[in-house]
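Asker: To be precise about what I am sending: the file is called start_25.cif and holds mmCIF, C-alpha atoms.
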```cif
data_input
loop_
_atom_site.group_PDB
_atom_site.id
_atom_site.type_symbol
_atom_site.label_atom_id
_atom_site.label_comp_id
_atom_site.auth_asym_id
_atom_site.auth_seq_id
_atom_site.Cartn_x
_atom_site.Cartn_y
_atom_site.Cartn_z
ATOM 1 C CA GLU A 1 -44.743 3.471 4.808
ATOM 2 C CA LEU A 2 -45.370 1.813 8.112
ATOM 3 C CA TYR A 3 -48.614 2.339 9.995
ATOM 4 C CA GLN A 4 -47.923 3.706 13.465
ATOM 5 C CA PRO A 5 -50.734 4.229 15.971
ATOM 6 C CA VAL A 6 -49.679 7.687 17.121
ATOM 7 C CA SER A 7 -51.950 10.529 18.237
ATOM 8 C CA VAL A 8 -50.673 14.090 18.166
ATOM 9 C CA LEU A 9 -52.011 16.960 20.224
ATOM 10 C CA SER A 10 -50.744 20.394 19.179
ATOM 11 C CA GLY A 11 -51.685 23.975 18.439
ATOM 12 C CA ALA A 12 -55.151 25.172 19.420
ATOM 13 C CA ASP A 13 -56.232 21.626 20.337
ATOM 14 C CA LEU A 14 -53.421 21.404 22.888
ATOM 15 C CA VAL A 15 -54.262 24.801 24.385
ATOM 16 C CA GLU A 16 -57.934 23.770 24.770
ATOM 17 C CA GLN A 17 -56.994 20.490 26.498
ATOM 18 C CA LEU A 18 -54.361 21.899 28.908
ATOM 19 C CA GLU A 19 -54.950 20.907 32.518
ATOM 20 C CA MET A 20 -52.907 20.905 35.726
ATOM 21 C CA SER A 21 -51.262 17.536 35.044
ATOM 22 C CA LEU A 22 -50.087 15.600 32.020
ATOM 23 C CA GLY A 23 -52.594 12.803 32.668
ATOM 24 C CA ASP A 24 -55.528 15.206 32.876
ATOM 25 C CA THR A 25 -54.378 16.978 29.697
ATOM 26 C CA LEU A 26 -54.422 13.699 27.764
ATOM 27 C CA ALA A 27 -57.507 12.129 29.398
ATOM 28 C CA ASN A 28 -59.791 12.994 26.450
ATOM 29 C CA GLN A 29 -57.599 11.190 23.910
ATOM 30 C CA ALA A 30 -58.706 7.770 22.634
ATOM 31 C CA GLY A 31 -57.493 4.956 24.892
ATOM 32 C CA VAL A 32 -55.997 7.334 27.461
ATOM 33 C CA SER A 33 -57.165 8.058 31.001
ATOM 34 C CA SER A 34 -55.490 9.616 34.006
ATOM 35 C CA SER A 35 -54.457 8.321 37.400
ATOM 36 C CA TYR A 36 -55.596 10.490 40.275
ATOM 37 C CA PHE A 37 -53.995 10.946 43.658
ATOM 38 C CA GLY A 38 -54.955 14.553 44.200
ATOM 39 C CA PRO A 39 -54.766 17.614 41.986
ATOM 40 C CA GLY A 40 -51.603 17.918 39.932
ATOM 41 C CA SER A 41 -50.425 14.310 40.200
ATOM 42 C CA GLY A 42 -52.287 12.712 37.280
ATOM 43 C CA ARG A 43 -50.179 10.407 35.098
ATOM 44 C CA PRO A 44 -51.340 9.003 31.740
ATOM 45 C CA ILE A 45 -52.840 5.507 31.659
ATOM 46 C CA ILE A 46 -52.789 4.068 28.142
ATOM 47 C CA ARG A 47 -55.126 1.164 27.353
ATOM 48 C CA GLY A 48 -55.298 0.233 31.032
ATOM 49 C CA LEU A 49 -51.532 0.149 31.593
ATOM 50 C CA SER A 50 -49.799 2.672 33.801
ATOM 51 C CA GLY A 51 -46.759 3.297 35.950
ATOM 52 C CA ASP A 52 -43.530 1.849 34.599
ATOM 53 C CA ARG A 53 -45.371 0.401 31.575
ATOM 54 C CA VAL A 54 -46.059 3.845 30.109
ATOM 55 C CA ARG A 55 -42.916 5.727 29.180
ATOM 56 C CA VAL A 56 -42.998 9.532 29.544
ATOM 57 C CA LEU A 57 -40.386 11.475 27.587
ATOM 58 C CA GLN A 58 -39.519 15.086 26.899
ATOM 59 C CA ASP A 59 -38.019 15.709 23.471
ATOM 60 C CA GLY A 60 -37.289 11.974 23.190
ATOM 61 C CA ILE A 61 -35.446 11.709 26.522
ATOM 62 C CA GLY A 62 -36.954 9.887 29.537
ATOM 63 C CA SER A 63 -38.310 12.138 32.275
ATOM 64 C CA GLY A 64 -36.479 10.353 35.113
ATOM 65 C CA ASP A 65 -38.983 11.168 37.856
ATOM 66 C CA ALA A 66 -40.732 9.124 40.563
ATOM 67 C CA SER A 67 -44.180 9.234 38.930
ATOM 68 C CA ASN A 68 -43.784 5.744 37.448
ATOM 69 C CA THR A 69 -43.193 4.149 40.862
ATOM 70 C CA SER A 70 -45.937 5.783 42.926
ATOM 71 C CA PRO A 71 -49.235 7.456 41.935
ATOM 72 C CA ASP A 72 -48.814 10.260 44.473
ATOM 73 C CA HIS A 73 -45.852 11.723 42.551
ATOM 74 C CA ALA A 74 -46.435 14.104 39.673
ATOM 75 C CA VAL A 75 -44.779 13.873 36.268
ATOM 76 C CA SER A 76 -41.923 16.374 36.317
ATOM 77 C CA ILE A 77 -42.837 17.753 32.877
ATOM 78 C CA ASP A 78 -45.452 20.507 33.005
ATOM 79 C CA PRO A 79 -47.902 20.483 30.070
ATOM 80 C CA LEU A 80 -47.549 24.280 29.844
ATOM 81 C CA SER A 81 -44.088 23.780 28.315
ATOM 82 C CA ALA A 82 -45.374 21.562 25.484
ATOM 83 C CA GLU A 83 -45.494 22.607 21.849
ATOM 84 C CA ARG A 84 -46.757 19.174 20.803
ATOM 85 C CA ILE A 85 -47.582 15.909 22.593
ATOM 86 C CA GLU A 86 -47.313 12.555 20.825
ATOM 87 C CA ILE A 87 -48.996 9.427 22.209
ATOM 88 C CA ALA A 88 -47.680 6.130 20.805
ATOM 89 C CA ARG A 89 -49.505 2.814 21.227
ATOM 90 C CA GLY A 90 -48.911 -0.732 20.044
ATOM 91 C CA PRO A 91 -45.773 -1.829 18.151
ATOM 92 C CA ALA A 92 -44.624 1.784 17.668
ATOM 93 C CA THR A 93 -43.715 1.876 21.374
ATOM 94 C CA LEU A 94 -40.776 -0.483 20.781
ATOM 95 C CA LEU A 95 -38.921 2.571 19.505
ATOM 96 C CA TYR A 96 -38.942 3.890 23.097
ATOM 97 C CA GLY A 97 -37.552 0.778 24.834
ATOM 98 C CA SER A 98 -38.932 -2.256 26.617
ATOM 99 C CA SER A 99 -40.454 -0.251 29.481
ATOM 100 C CA ALA A 100 -42.950 1.325 27.062
ATOM 101 C CA ILE A 101 -45.063 -1.816 26.624
ATOM 102 C CA GLY A 102 -48.282 0.078 27.432
ATOM 103 C CA GLY A 103 -47.436 3.147 25.393
ATOM 104 C CA ALA A 104 -45.261 6.210 25.234
ATOM 105 C CA VAL A 105 -45.982 9.896 25.688
ATOM 106 C CA ASN A 106 -43.427 12.254 24.156
ATOM 107 C CA ILE A 107 -43.775 15.913 25.113
ATOM 108 C CA LEU A 108 -42.065 18.035 22.481
ATOM 109 C CA SER A 109 -40.956 21.531 23.324
ATOM 110 C CA ASN A 110 -38.837 23.916 21.349
ATOM 111 C CA ALA A 111 -36.047 23.875 23.942
ATOM 112 C CA ILE A 112 -33.618 22.487 21.369
ATOM 113 C CA ALA A 113 -34.093 24.262 18.054
ATOM 114 C CA GLU A 114 -34.460 22.004 15.026
ATOM 115 C CA ALA A 115 -34.116 24.921 12.619
ATOM 116 C CA MET A 116 -32.879 28.471 12.795
ATOM 117 C CA PRO A 117 -35.759 30.797 13.809
ATOM 118 C CA SER A 118 -36.961 33.015 10.978
ATOM 119 C CA SER A 119 -37.079 36.188 13.079
ATOM 120 C CA PRO A 120 -34.776 37.636 15.757
ATOM 121 C CA ILE A 121 -37.422 37.034 18.452
ATOM 122 C CA THR A 122 -40.795 35.304 18.742
ATOM 123 C CA ARG A 123 -42.955 35.070 21.824
ATOM 124 C CA ASP A 124 -45.820 32.972 23.118
ATOM 125 C CA LEU A 125 -47.811 33.950 26.199
ATOM 126 C CA LEU A 126 -50.524 31.775 27.739
ATOM 127 C CA LEU A 127 -52.624 32.780 30.757
ATOM 128 C CA ARG A 128 -55.267 30.489 32.303
ATOM 129 C CA GLY A 129 -57.584 30.595 35.269
ATOM 130 C CA GLY A 130 -59.978 28.317 37.093
ATOM 131 C CA SER A 131 -62.724 29.254 39.537
ATOM 132 C CA VAL A 132 -63.094 26.103 41.677
ATOM 133 C CA ALA A 133 -59.625 26.273 43.225
ATOM 134 C CA ASP A 134 -58.813 29.887 42.348
ATOM 135 C CA GLU A 135 -56.277 28.551 39.857
ATOM 136 C CA LYS A 136 -53.976 30.933 38.060
ATOM 137 C CA SER A 137 -51.346 29.695 35.630
ATOM 138 C CA GLY A 138 -49.282 31.109 32.858
ATOM 139 C CA SER A 139 -46.334 30.487 30.621
ATOM 140 C CA LEU A 140 -44.042 32.638 28.535
ATOM 141 C CA LYS A 141 -41.834 31.260 25.769
ATOM 142 C CA LEU A 142 -39.271 33.267 23.849
ATOM 143 C CA ASP A 143 -37.361 31.962 20.837
ATOM 144 C CA GLY A 144 -34.883 33.795 18.711
ATOM 145 C CA ARG A 145 -31.611 33.956 16.893
ATOM 146 C CA ALA A 146 -28.410 35.892 17.314
ATOM 147 C CA GLY A 147 -26.775 36.231 13.951
ATOM 148 C CA SER A 148 -26.936 33.341 11.527
ATOM 149 C CA ARG A 149 -25.465 30.585 13.731
ATOM 150 C CA VAL A 150 -26.953 30.905 17.227
ATOM 151 C CA ALA A 151 -30.534 29.986 18.162
ATOM 152 C CA TRP A 152 -31.830 30.495 21.703
ATOM 153 C CA HIS A 153 -34.881 29.536 23.758
ATOM 154 C CA LEU A 154 -36.145 30.882 27.067
ATOM 155 C CA GLU A 155 -39.277 29.792 28.890
ATOM 156 C CA GLY A 156 -40.890 30.059 32.262
ATOM 157 C CA PHE A 157 -44.173 29.046 33.787
ATOM 158 C CA ALA A 158 -45.963 29.431 37.089
ATOM 159 C CA ARG A 159 -49.071 27.975 38.668
ATOM 160 C CA ASP A 160 -50.904 28.867 41.868
ATOM 161 C CA THR A 161 -54.000 27.181 43.310
ATOM 162 C CA ASP A 162 -55.981 27.315 46.511
ATOM 163 C CA ASP A 163 -58.332 24.889 48.267
ATOM 164 C CA TYR A 164 -61.426 23.721 46.388
ATOM 165 C CA ASP A 165 -64.503 25.897 46.961
ATOM 166 C CA ILE A 166 -67.833 24.187 47.686
ATOM 167 C CA PRO A 167 -71.253 25.804 48.167
ATOM 168 C CA ASP A 168 -71.903 27.254 51.634
ATOM 169 C CA ASP A 169 -74.857 24.949 52.286
ATOM 170 C CA ALA A 170 -72.924 21.746 51.518
ATOM 171 C CA VAL A 171 -72.860 19.239 54.377
ATOM 172 C CA ILE A 172 -69.910 16.913 54.771
ATOM 173 C CA GLY A 173 -70.100 13.528 56.501
ATOM 174 C CA GLU A 174 -73.730 12.994 57.448
#
```
Could I get this file's structure written as structure tokens?

Answerer:
Amino acid sequence: ELYQPVSVLSGADLVEQLEMSLGDTLANQAGVSSSYFGPGSGRPIIRGLSGDRVRVLQDGIGSGDASNTSPDHAVSIDPLSAERIEIARGPATLLYGSSAIGGAVNILSNAIAEAMPSSPITRDLLLRGGSVADEKSGSLKLDGRAGSRVAWHLEGFARDTDDYDIPDDAVIGE
């Protein structure tokens, strides 16, 4: 077997780490930090490399967004849709092409079924809230089967935030 420096975030660990952006969600992983150009636009920085040098994929396919060219653009993949997130570093990134020299982040969802679901319908509901910006977010995922040959997947997510709240006695710009 070949040693591959890959970290995997899934299950309860993923739910605990979920943040507004992909970069913020992964910021506590070894060798990973997040760019910041306002709330919601954090992109992963792996071992000091960012932008076009870190490849972001969903289910093995490149995300095709503007986040690798400018830090004020968000990654188009919302962490709420993730079932598992893989972070590849070092030689293992060659599997993802030459633009992944810094690393690769592969967000795996269940949008394309790898196996026939065991029950006619399964559901996953996640609701989150934050007090500083009155954040409310949630996701609903439904998976199922119709007969023995058709698998289906349906998901939706929403997020709403407000301005940051600061204490009433805070003084700005003195």

Asker: One number please: atom CA of Ser41 of chain A to atom CA of Thr161 of chain A, in Å, one decimal.

Answerer: 13.7 Å

Asker: Would you mind telling me which residue in A:Asp160, A:Gly102, A:Tyr36, A:Leu9 lies nearest to Asp52 of chain A when using all atoms listed in the file?

Answerer: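 Going through A:Asp160, A:Gly102, A:Tyr36, A:Leu9 one by one, the smallest distance to Asp52 of chain A is for A:Gly102.
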
Asker: Rounded to one decimal, what separation in Å do you get between atom CA of Tyr164 of chain A and atom CA of Leu126 of chain A?

Answerer: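 Rounded to one decimal, the two atoms are 23.1 Å apart.
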
Asker: To one decimal place in Å, what is the distance between atom CA of Ile101 of chain A and atom CA of Ser35 of chain A?

Answerer: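 If I compute the distance from atom CA of Ile101 of chain A to atom CA of Ser35 of chain A, I get 17.5 Å.
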
Asker: Could you check the closest approach to Leu154 of chain A for each of A:Ile107, A:Ile46, A:Leu127, A:Ile112 and tell me which residue wins, using only C-alpha atoms?

Answerer: A:Ile112

Asker: Step by step, work through what the PyMOL selection byres ((chain A and resi 63-65) around 12) selects in the shown file, and finish by giving those residues as a VMD selection string.

Answerer: chain A and resid 43 51 to 52 54 to 62 66 to 78 104 to 107
